[in-house]
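Participant: For reference, the file entry29.cif (mmCIF, C-alpha atoms) is included below:
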data_protein
#
loop_
_atom_site.label_atom_id
_atom_site.label_comp_id
_atom_site.auth_asym_id
_atom_site.auth_seq_id
_atom_site.Cartn_x
_atom_site.Cartn_y
_atom_site.Cartn_z
CA LEU A 1 69.42 77.71 36.89
CA LYS A 2 66.37 76.10 38.47
CA GLY A 3 64.66 75.80 35.11
CA THR A 4 67.46 73.54 33.89
CA VAL A 5 66.01 70.73 36.02
CA PHE A 6 62.67 71.08 34.24
CA GLY A 7 64.33 71.14 30.84
CA ASN A 8 66.43 68.06 31.58
CA GLU A 9 63.50 66.09 32.95
CA MET A 10 61.13 67.14 30.17
CA ARG A 11 63.60 66.08 27.47
CA ALA A 12 64.37 62.80 29.28
CA LEU A 13 60.69 61.92 29.71
CA SER A 14 60.02 62.76 26.06
CA ASN A 15 62.94 60.56 24.96
CA ILE A 16 61.43 57.51 26.68
CA ARG A 17 57.92 58.38 25.45
CA ALA A 18 56.64 58.83 28.97
CA SER A 19 52.91 59.42 29.27
CA ARG A 20 50.71 61.55 31.48
CA PHE A 21 48.13 59.88 33.73
CA GLN A 22 48.78 56.26 32.69
CA PRO A 23 51.97 54.53 31.42
CA ASP A 24 50.28 53.57 28.16
CA GLY A 25 51.83 56.06 25.73
CA LYS A 26 48.45 57.57 24.85
CA ASN A 27 49.20 60.96 26.41
CA PRO A 28 52.89 61.56 25.69
CA ILE A 29 54.69 64.20 27.72
CA GLY A 30 56.11 65.99 24.68
CA LEU A 31 58.36 69.03 24.92
CA THR A 32 55.94 71.91 25.50
CA GLY A 33 55.80 73.14 29.09
CA PHE A 34 53.18 75.53 30.41
CA GLY A 35 55.02 77.71 32.88
CA PRO A 36 56.37 79.46 34.74
CA ASN A 37 53.28 81.02 36.30
CA LEU A 38 53.96 84.76 36.48
CA ASN A 39 50.65 85.99 37.83
CA ILE A 40 50.77 88.47 40.68
CA ALA A 41 49.47 87.39 44.09
CA ARG A 42 46.53 89.65 44.85
CA ASP A 43 44.10 87.64 47.02
CA PRO A 44 45.13 85.14 49.75
CA ARG A 45 42.14 83.00 48.77
CA PHE A 46 43.51 82.40 45.28
CA GLY A 47 44.06 78.67 45.00
CA ARG A 48 47.28 79.00 42.99
CA ASN A 49 49.23 81.39 45.19
CA SER A 50 51.67 78.59 45.99
CA GLU A 51 52.77 78.65 42.33
CA LEU A 52 53.56 82.37 42.28
CA PRO A 53 56.79 84.21 43.11
CA GLY A 54 54.84 86.90 44.98
CA GLU A 55 53.36 90.39 44.75
CA ASP A 56 56.29 92.18 43.12
CA PRO A 57 56.35 92.42 39.29
CA PHE A 58 60.12 92.98 39.24
CA LEU A 59 60.85 89.91 41.36
CA THR A 60 58.37 87.90 39.29
CA GLY A 61 59.94 89.07 36.03
CA MET A 62 63.46 88.18 37.14
CA TYR A 63 62.23 84.78 38.31
CA GLY A 64 60.55 84.25 34.95
CA TYR A 65 63.66 85.25 32.99
CA GLN A 66 65.91 82.91 34.95
CA MET A 67 63.42 80.04 34.86
CA VAL A 68 62.90 80.25 31.09
CA SER A 69 66.64 80.57 30.49
CA GLY A 70 67.13 77.25 32.24
CA MET A 71 64.08 75.50 30.79
CA GLN A 72 65.12 76.34 27.22
CA GLU A 73 68.84 75.78 27.70
CA LYS A 74 70.20 74.20 24.51
CA ASP A 75 71.39 70.61 24.44
CA PRO A 76 74.67 69.54 22.78
CA HIS A 77 72.88 69.39 19.39
CA GLY A 78 71.65 72.99 19.65
CA TYR A 79 68.01 72.22 20.44
CA PRO A 80 66.21 73.96 23.32
CA LYS A 81 65.51 71.21 25.85
CA MET A 82 61.84 72.24 25.88
CA ALA A 83 59.50 75.04 24.85
CA ALA A 84 58.31 77.30 27.66
CA PHE A 85 54.94 79.08 27.64
CA LEU A 86 54.46 81.80 30.25
CA LYS A 87 51.11 81.76 32.01
CA HIS A 88 48.45 82.91 32.69
CA PHE A 89 48.58 85.99 30.45
CA THR A 90 47.35 88.12 32.26
CA ALA A 91 45.71 89.49 35.45
CA TYR A 92 44.56 86.05 36.58
CA SER A 93 44.16 85.87 40.34
CA THR A 94 40.84 84.24 41.18
CA GLU A 95 39.24 80.83 40.63
CA THR A 96 35.65 81.90 41.26
CA ASN A 97 33.66 82.31 38.03
CA ARG A 98 36.89 81.99 36.07
CA GLY A 99 36.27 82.18 32.37
CA HIS A 100 33.43 84.66 32.68
CA ASP A 101 34.93 87.32 34.94
CA SER A 102 36.11 90.71 33.73
CA TYR A 103 38.31 93.19 35.58
CA THR A 104 38.53 96.93 35.12
CA ILE A 105 42.25 97.59 34.75
CA SER A 106 43.70 101.02 34.03
CA THR A 107 46.48 101.58 31.54
CA TYR A 108 48.71 102.47 34.49
CA ASP A 109 48.00 99.19 36.26
CA PHE A 110 48.62 97.18 33.09
CA PHE A 111 52.09 98.65 32.66
CA ASP A 112 52.88 98.83 36.37
CA THR A 113 51.63 95.42 37.52
CA TYR A 114 50.20 93.06 34.91
CA LEU A 115 52.59 93.30 31.92
CA PRO A 116 56.17 94.11 33.07
CA GLN A 117 56.99 90.68 34.49
CA TYR A 118 56.08 89.03 31.18
CA GLU A 119 58.06 91.56 29.18
CA MET A 120 61.10 90.90 31.38
CA ALA A 121 60.75 87.14 30.98
CA PHE A 122 60.53 87.53 27.19
CA GLN A 123 64.13 88.65 27.20
CA ALA A 124 64.81 84.90 27.54
CA GLN A 125 62.70 84.25 24.40
CA PRO A 126 60.07 81.76 25.61
CA ALA A 127 58.02 80.07 22.89
CA GLY A 128 54.92 82.02 23.83
CA VAL A 129 52.17 82.30 26.41
CA MET A 130 49.07 80.57 27.68
CA CYS A 131 46.31 83.18 27.75
CA SER A 132 44.22 83.41 30.91
CA TYR A 133 40.55 82.61 31.45
CA ASN A 134 39.57 86.09 32.61
CA ALA A 135 38.77 89.23 30.67
CA GLU A 136 40.27 92.68 31.03
CA ASN A 137 37.91 95.61 30.52
CA GLY A 138 35.40 93.30 28.86
CA HIS A 139 37.89 91.65 26.47
CA PRO A 140 38.80 88.01 27.28
CA SER A 141 42.55 87.43 27.33
CA CYS A 142 42.25 84.70 24.69
CA ALA A 143 40.41 87.03 22.32
CA ASN A 144 42.13 90.32 23.06
CA ASP A 145 43.83 91.97 20.11
CA TRP A 146 45.35 94.73 22.26
CA LEU A 147 46.86 92.28 24.71
CA LEU A 148 48.03 89.54 22.33
CA ASN A 149 48.97 91.46 19.20
CA LYS A 150 49.75 95.00 20.33
CA GLN A 151 51.59 94.14 23.57
CA LEU A 152 52.81 90.52 23.53
CA ARG A 153 53.95 90.52 19.91
CA SER A 154 55.77 93.81 20.32
CA TRP A 155 58.17 91.77 22.50
CA LYS A 156 58.32 88.78 20.15
CA PRO A 157 56.48 89.01 16.82
CA ASP A 158 56.17 85.24 16.36
CA ALA A 159 55.16 84.47 19.96
CA MET A 160 52.71 81.59 19.97
CA VAL A 161 49.50 81.88 21.99
CA THR A 162 47.72 78.83 23.30
CA THR A 163 44.57 78.89 25.40
CA ASP A 164 44.03 77.46 28.82
CA CYS A 165 41.75 74.43 28.56
CA GLY A 166 38.22 75.35 27.51
CA ALA A 167 38.85 79.09 27.13
CA VAL A 168 37.39 79.25 23.61
CA SER A 169 34.25 77.46 24.74
CA ASN A 170 33.95 80.01 27.54
CA LEU A 171 33.50 82.71 24.90
CA LYS A 172 29.96 81.41 24.40
CA GLY A 173 29.17 82.87 27.83
CA PRO A 174 29.75 86.29 29.39
CA PRO A 175 31.24 88.73 28.64
CA VAL A 176 31.32 87.84 24.91
CA ASN A 177 28.25 85.59 24.52
CA ALA A 178 29.31 84.26 21.11
CA ARG A 179 26.30 82.67 19.46
CA ASP A 180 27.95 79.30 18.66
CA ASP A 181 31.21 77.37 18.28
CA VAL A 182 31.96 78.98 14.91
CA HIS A 183 31.72 82.54 16.22
CA ALA A 184 33.69 81.69 19.37
CA ALA A 185 36.50 80.08 17.37
CA ALA A 186 36.66 82.97 14.91
CA PHE A 187 36.70 85.56 17.69
CA ALA A 188 39.66 83.85 19.39
CA LEU A 189 41.64 83.25 16.21
CA MET A 190 41.16 86.71 14.74
CA ASN A 191 42.15 88.39 18.00
CA GLY A 192 45.46 86.60 18.47
CA THR A 193 45.05 83.02 19.70
CA ASP A 194 46.90 80.40 17.66
CA LEU A 195 45.98 77.10 19.34
CA GLU A 196 42.99 75.89 21.33
CA MET A 197 43.46 73.40 24.15
CA GLY A 198 40.91 71.30 25.97
CA ASP A 199 37.99 71.59 23.56
CA HIS A 200 36.97 71.41 19.91
CA GLU A 201 35.70 74.83 18.82
CA PHE A 202 38.69 75.34 16.49
CA GLU A 203 37.47 72.36 14.45
CA THR A 204 34.84 74.74 13.07
CA LEU A 205 37.33 77.24 11.65
CA ASP A 206 36.64 76.04 8.12
CA LYS A 207 33.04 77.17 8.58
CA ALA A 208 34.24 80.44 10.11
CA ILE A 209 36.29 81.12 6.98
CA GLU A 210 33.40 80.16 4.69
CA GLN A 211 31.15 82.60 6.57
CA GLY A 212 33.69 85.41 6.39
CA LEU A 213 34.22 85.47 10.17
CA ALA A 214 37.90 84.48 9.88
CA THR A 215 40.54 84.53 7.18
CA GLU A 216 42.67 81.77 5.73
CA ALA A 217 45.71 84.05 6.03
CA ARG A 218 45.24 84.33 9.79
CA LEU A 219 44.79 80.55 10.07
CA ASP A 220 48.01 80.03 8.09
CA GLU A 221 49.77 82.34 10.50
CA ALA A 222 48.52 80.37 13.51
CA VAL A 223 49.58 77.06 11.97
CA ARG A 224 53.01 78.45 11.11
CA ARG A 225 53.59 79.68 14.64
CA SER A 226 52.41 76.42 16.16
CA PHE A 227 54.62 74.20 14.00
CA LYS A 228 57.61 76.52 14.26
CA VAL A 229 57.85 75.76 17.99
CA LEU A 230 57.86 72.01 17.30
CA PHE A 231 60.52 72.34 14.60
CA GLU A 232 62.72 74.41 16.91
CA VAL A 233 62.79 71.73 19.62
CA GLY A 234 63.46 69.01 17.03
CA ARG A 235 60.18 67.12 17.09
CA PHE A 236 60.41 66.40 13.33
CA ASP A 237 64.06 65.40 13.27
CA PRO A 238 65.42 61.85 13.57
CA PRO A 239 65.74 60.65 17.21
#
What does the file become when written as structure tokens?
Facilitator:
Amino acid sequence: LKGTVFGNEMRALSNIRASRFQPDGKNPIGLTGFGPNLNIARDPRFGRNSELPGEDPFLTGMYGYQMVSGMQEKDPHGYPKMAAFLKHFTAYSTETNRGHDSYTISTYDFFDTYLPQYEMAFQAQPAGVMCSYNAENGHPSCANDWLLNKQLRSWKPDAMVTTDCGAVSNLKGPPVNARDDVHAAAFALMNGTDLEMGDHEFETLDKAIEQGLATEARLDEAVRRSFKVLFEVGRFDPP
């Protein structure tokens, strides 16, 4: 399985405390991997086409299943070698105006093109997904209850959702136009996102709860999902 190479290398780099960018240990590699990329190639100008299996959801889904199976292959101690997060969930196929673009997608197209490859890959039980920058029918992927709770978590109820970098901050612009960090963070959390990456809006969730925009129960759920992934790969166990 091709994904086995990623799992082996990820675990090996984590074991030696390898670091991203500079060999100083300040940005450790860890055991969470954001991939495979299961978006569907739709425009030859898309800058990430080289990452994609192609235009066929079935081929993409089979690729995703096999890749995740290898990435999360268990080591001799029973730990998955890494935690895989499918991306970019979903309908992400342009770089222009990313984060503020919205696409009109029919129910048919969702279930024919933009969801089946992820559902197939979830048969291999990845840790979760990275939600995409774009919006579908006016609802950003990282604040989309229908997409994250009704669809994704029908495949795996405890699937963890992390944002792409800066996606919560993007909610302060179109199509949501959240009034401030507090409203943006609450909107993402309460619609299915568990973890923010690349920015600091989630640091205001205490204010969101105080203002009645978010609930402590939903925050507890997000924390539980986030730590569960780390426990499963052994991050809290002795070396």
Participant: Tell me, in Å to one decimal, how far atom CA of Thr4 of chain A is from atom CA of Gly61 of chain A.
Facilitator: 17.4 Å
Participant: Residues of segment 184-234 of chain A that approach segment 124-136 of chain A to 12 Å or less, counting all atoms listed in the file: could you list each one with the shortest pair of atoms and its distance in Å to one decimal, rows by chain and increasing residue number, as a Markdown table?
Facilitator:
| residue | atom | partner | partner_atom | distance |
| --- | --- | --- | --- | --- |
| A:Ala188 | CA | A:Cys131 | CA | 10.7 |
| A:Asn191 | CA | A:Cys131 | CA | 11.8 |
| A:Gly192 | CA | A:Cys131 | CA | 9.9 |
| A:Thr193 | CA | A:Cys131 | CA | 8.1 |
| A:Asp194 | CA | A:Gly128 | CA | 10.2 |
| A:Leu195 | CA | A:Met130 | CA | 9.5 |
| A:Glu196 | CA | A:Met130 | CA | 10.0 |
| A:Met197 | CA | A:Met130 | CA | 9.8 |
| A:Arg225 | CA | A:Ala127 | CA | 9.4 |
| A:Ser226 | CA | A:Ala127 | CA | 9.5 |
| A:Phe227 | CA | A:Ala127 | CA | 11.2 |
| A:Lys228 | CA | A:Ala127 | CA | 9.3 |
| A:Val229 | CA | A:Ala127 | CA | 6.5 |
| A:Leu230 | CA | A:Ala127 | CA | 9.8 |
| A:Phe231 | CA | A:Ala127 | CA | 11.6 |
| A:Glu232 | CA | A:Ala127 | CA | 9.5 |
| A:Val233 | CA | A:Ala127 | CA | 10.1 |
Participant: Would you please work out which residue, of A:Tyr92, A:Ala222, A:Ser19, A:Val5, is nearest to Asp43 of chain A when using all atoms listed in the file?
Facilitator: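 Of all the options, A:Tyr92 lies closest to Asp43 of chain A.
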Participant: Name the residues that the PyMOL selection byres ((chain A and resi 82) around 8) picks from the file above, as an mmCIF file with C-alpha atoms, in the coordinates of the input, using the file's chain letters and numbers.
Facilitator:
data_model
loop_
_atom_site.group_PDB
_atom_site.id
_atom_site.type_symbol
_atom_site.label_atom_id
_atom_site.label_comp_id
_atom_site.auth_asym_id
_atom_site.auth_seq_id
_atom_site.Cartn_x
_atom_site.Cartn_y
_atom_site.Cartn_z
ATOM 1 C CA GLY A 7 64.330 71.140 30.840
ATOM 2 C CA MET A 10 61.130 67.140 30.170
ATOM 3 C CA ARG A 11 63.600 66.080 27.470
ATOM 4 C CA LEU A 31 58.360 69.030 24.920
ATOM 5 C CA THR A 32 55.940 71.910 25.500
ATOM 6 C CA GLY A 33 55.800 73.140 29.090
ATOM 7 C CA MET A 71 64.080 75.500 30.790
ATOM 8 C CA GLN A 72 65.120 76.340 27.220
ATOM 9 C CA PRO A 80 66.210 73.960 23.320
ATOM 10 C CA LYS A 81 65.510 71.210 25.850
ATOM 11 C CA ALA A 83 59.500 75.040 24.850
ATOM 12 C CA ALA A 84 58.310 77.300 27.660
ATOM 13 C CA VAL A 233 62.790 71.730 19.620
#
Participant: Using the chain letters and numbers from the file, give me the residues hit by the PyMOL selection byres ((chain A and resi 169) around 9), as a tab-separated table (two decimals) with C-alpha atoms, keeping the file's coordinate frame.
Facilitator:
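Wrote part.tsv, looks like this:
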chain	number	residue	atom	x	y	z
A	165	CYS	CA	41.75	74.43	28.56
A	166	GLY	CA	38.22	75.35	27.51
A	167	ALA	CA	38.85	79.09	27.13
A	168	VAL	CA	37.39	79.25	23.61
A	170	ASN	CA	33.95	80.01	27.54
A	171	LEU	CA	33.50	82.71	24.90
A	172	LYS	CA	29.96	81.41	24.40
A	173	GLY	CA	29.17	82.87	27.83
A	180	ASP	CA	27.95	79.30	18.66
A	181	ASP	CA	31.21	77.37	18.28
A	184	ALA	CA	33.69	81.69	19.37
A	185	ALA	CA	36.50	80.08	17.37
A	199	ASP	CA	37.99	71.59	23.56
A	200	HIS	CA	36.97	71.41	19.91
A	201	GLU	CA	35.70	74.83	18.82
Participant: At what distance in Å, to one decimal, does atom CA of Gln151 of chain A lie from atom CA of Asp56 of chain A?
Facilitator: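 Computing the Euclidean distance for atom CA of Asp56 of chain A and atom CA of Gln151 of chain A yields 20.2 Å.
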Participant: Step by step, work through what the PyMOL selection byres ((chain A and resi 103-117) around 12) selects in the shown file, and finish by giving those residues as number ranges by chain.
Facilitator: A: 36-42, 52-66, 86-94, 98-102, 118-124, 133-141, 146-148, 151-152, 155, 175
Participant: Atom CA of Gly25 of chain A and atom CA of Pro76 of chain A are how many Å apart?
Facilitator: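 One can read the atom CA of Gly25 of chain A to atom CA of Pro76 of chain A distance as 26.7 Å.
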Participant: Quick one: residues within 12 Å of Glu210 of chain A, all atoms listed in the file, excluding same-chain residues fewer than 6 positions away - as a VMD selection string?
Facilitator: chain A and resid 182 to 183 186 204 216
Participant: Given all atoms listed in the file as the basis, pick out the residue of A:Ala217, A:Gly234, A:Asp206, A:Asn144 nearest to Val176 of chain A.
Facilitator: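 Using all atoms listed in the file, the shortest distance to Val176 of chain A belongs to A:Asn144.
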Participant: Smallest atom-to-atom distance to Pro174 of chain A: which of A:Ser14, A:Asn8, A:Gly3, A:Asn97, using all atoms listed in the file?
Facilitator: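 Between A:Ser14, A:Asn8, A:Gly3, A:Asn97, the residue approaching Pro174 of chain A most closely is A:Asn97.
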Participant: Could you check which of A:Arg179, A:Gly198, A:Thr96, A:Asn15 is closest to Pro238 of chain A, using all atoms listed in the file?
Facilitator: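 Looking at the shortest contact to Pro238 of chain A, the residue is A:Asn15.
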Participant: Select, from A:Ser69, A:Ser50, A:Thr163, A:Asn27, the residue with the minimum atom-to-atom distance to Phe6 of chain A, counting only C-alpha atoms.
Facilitator: A:Ser69
Participant: Between A:Arg153, A:Arg20, A:Asp237, A:Leu189, which has the minimum distance to Arg218 of chain A (counting all atoms listed in the file)?
Facilitator: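 Result for the nearest residue to Arg218 of chain A: A:Leu189.
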Participant: Mind filling out segment 12-28 of chain A with N, CA, C and O atoms and sending it as a compact mmCIF listing (two decimals), in the frame of the given file?
Facilitator:
# COMPACT_ATOMS: atom_id res chain seq x y z
N ALA A 12 64.17 64.22 28.95
CA ALA A 12 64.37 62.80 29.28
C ALA A 12 63.06 62.03 29.20
O ALA A 12 63.00 60.93 28.64
N LEU A 13 61.99 62.59 29.75
CA LEU A 13 60.69 61.92 29.71
C LEU A 13 60.18 61.79 28.27
O LEU A 13 59.59 60.77 27.90
N SER A 14 60.43 62.83 27.47
CA SER A 14 60.02 62.76 26.06
C SER A 14 60.80 61.67 25.32
O SER A 14 60.25 60.94 24.49
N ASN A 15 62.09 61.56 25.63
CA ASN A 15 62.94 60.56 24.96
C ASN A 15 62.47 59.13 25.19
O ASN A 15 62.66 58.26 24.34
N ILE A 16 61.89 58.88 26.38
CA ILE A 16 61.43 57.51 26.68
C ILE A 16 59.93 57.36 26.43
O ILE A 16 59.32 56.38 26.83
N ARG A 17 59.35 58.38 25.78
CA ARG A 17 57.92 58.38 25.45
C ARG A 17 57.06 58.18 26.69
O ARG A 17 56.07 57.43 26.69
N ALA A 18 57.43 58.87 27.74
CA ALA A 18 56.64 58.83 28.97
C ALA A 18 55.27 59.45 28.72
O ALA A 18 55.10 60.32 27.86
N SER A 19 54.29 59.00 29.48
CA SER A 19 52.91 59.42 29.27
C SER A 19 52.32 60.02 30.53
O SER A 19 52.65 59.63 31.65
N ARG A 20 51.44 61.00 30.34
CA ARG A 20 50.71 61.55 31.48
C ARG A 20 49.60 60.58 31.90
O ARG A 20 49.07 59.83 31.09
N PHE A 21 49.26 60.60 33.16
CA PHE A 21 48.13 59.88 33.73
C PHE A 21 48.37 58.37 33.83
O PHE A 21 48.36 57.80 34.91
N GLN A 22 48.58 57.71 32.70
CA GLN A 22 48.78 56.26 32.69
C GLN A 22 50.00 55.93 31.82
O GLN A 22 50.23 56.57 30.80
N PRO A 23 50.77 54.90 32.21
CA PRO A 23 51.97 54.53 31.42
C PRO A 23 51.62 53.73 30.17
O PRO A 23 52.11 52.63 29.96
N ASP A 24 50.75 54.30 29.33
CA ASP A 24 50.28 53.57 28.16
C ASP A 24 50.68 54.24 26.85
O ASP A 24 50.32 53.76 25.77
N GLY A 25 51.39 55.37 26.93
CA GLY A 25 51.83 56.06 25.73
C GLY A 25 50.76 56.84 25.01
O GLY A 25 51.03 57.43 23.96
N LYS A 26 49.54 56.89 25.55
CA LYS A 26 48.45 57.57 24.85
C LYS A 26 48.44 59.08 25.07
O LYS A 26 47.81 59.83 24.32
N ASN A 27 49.12 59.53 26.12
CA ASN A 27 49.20 60.96 26.41
C ASN A 27 50.66 61.34 26.61
O ASN A 27 51.09 61.61 27.74
N PRO A 28 51.45 61.33 25.55
CA PRO A 28 52.89 61.56 25.69
C PRO A 28 53.21 62.93 26.27
O PRO A 28 52.51 63.91 26.01
